[in-house]
Amino acid sequence: MDKRGLRNSPTSQSQRGFTITELLIVLTLIGILSAISMPTLRGFAATRRLKASAYTIRSLLTFARDMAITDRTPYLVVFDLDNGRCWLASSETFNPSTPLASALTAQNSTAATAAQNNTDGNPLTTTNSVQQGTLTRTGGILGVPNPMEQDVTLVAMITNQNGRTLEVNSGVGYMAFSPNATSEQALVYLRNTRNQIMSVAVEAASGRVTVQQLAAEDVETLGFETPQN
């Protein structure tokens, strides 16, 4: 067989692979496409984290409302705007003048209750009691801070307490739910680094909680300052 014919056959040409120039072209195209899509991916991630934080707050508020009805005692959700976190509190341990200390009191109270349930002095029984406590009602939730997602901040909280509208931009605020499911008209605003704003609203008459992402014109109307990156 003619070796020159073998070298020039279609099969041998298809197996010769890519040249360095072709590889560089492909890598360049990949780099360009990545640079174009990266801002979109970052924006998607920022929006996802904002929504996740908003729905975490909604779940905690709804749980507080349900527990107030079940236990026939008021429950609260406390917001620490400076540190971007919130937690469930009971009216039995919550002190409005020292809300941060109330969270620690609630945790210690849960642990003490579990320890009192141990009647035989067996450490294993104590462990089981603690585990059982965390699985029932508010045992593992009461006083435990829920931090916001990365780059998500609590920018403002507006409540209507005792007929007065109160706006909190820093420090600590709270929402309370009564045993008949009512609350006080309230709003919490969350923001991400793209200056997207979501609101979590509580309806006074029913305690119903809703989540909404605000349009750009609504954000401008609210007058929130653009975060510094």
# chains A, B, ... in the order shown; residues from 1 in each chain; ligands from 1

$ select_by_dssp --residues "range 75-107 of chain A" --states "strand (DSSP E)" --output "tab-separated table (two decimals) with C-alpha atoms, in the first residue's frame"
chain	number	residue	atom	x	y	z
A	75	TYR	CA	-44.77	35.10	71.18
A	76	LEU	CA	-42.44	37.61	69.58
A	77	VAL	CA	-39.87	37.79	66.82
A	78	VAL	CA	-36.95	40.04	67.74
A	79	PHE	CA	-34.82	41.78	65.09
A	80	ASP	CA	-31.23	42.86	65.66
A	85	ARG	CA	-30.30	38.52	62.69
A	86	CYS	CA	-33.65	37.63	64.25
A	87	TRP	CA	-34.98	35.09	66.73
A	88	LEU	CA	-38.09	33.76	68.40
A	89	ALA	CA	-38.90	34.95	71.93
A	90	SER	CA	-41.58	34.12	74.46

$ residues_around --residues "Asn83 in chain A" --least-positions-apart "3" --cutoff "10 Å" --atoms "only C-alpha atoms" --output "list in words"
Phe79, Asp80, Cys86, Pro147, Met148, Thr153, Leu154, Ser170, Gly171 and Val172 of chain A

$ atom_distance --atom1 "CA of Pro179 in chain A" --atom2 "CA of Ala54 in chain A"
24.3 Å

$ residues_around --residues "Leu187 in chain A" --least-positions-apart "5" --cutoff "7 Å" --atoms "only C-alpha atoms" --output "ChimeraX atom specification"
/A:157-159,199-202

$ atom_distance --atom1 "CA of Tyr55 in chain A" --atom2 "CA of Pro99 in chain A"
22.9 Å

$ closest_residue --among "A:Thr21, A:Asn192, A:Asn162, A:Val209" --to "Phe44 in chain A" --atoms "only C-alpha atoms"
A:Asn192

$ atom_distance --atom1 "CA of Asp151 in chain A" --atom2 "CA of Thr56 in chain A"
15.1 Å
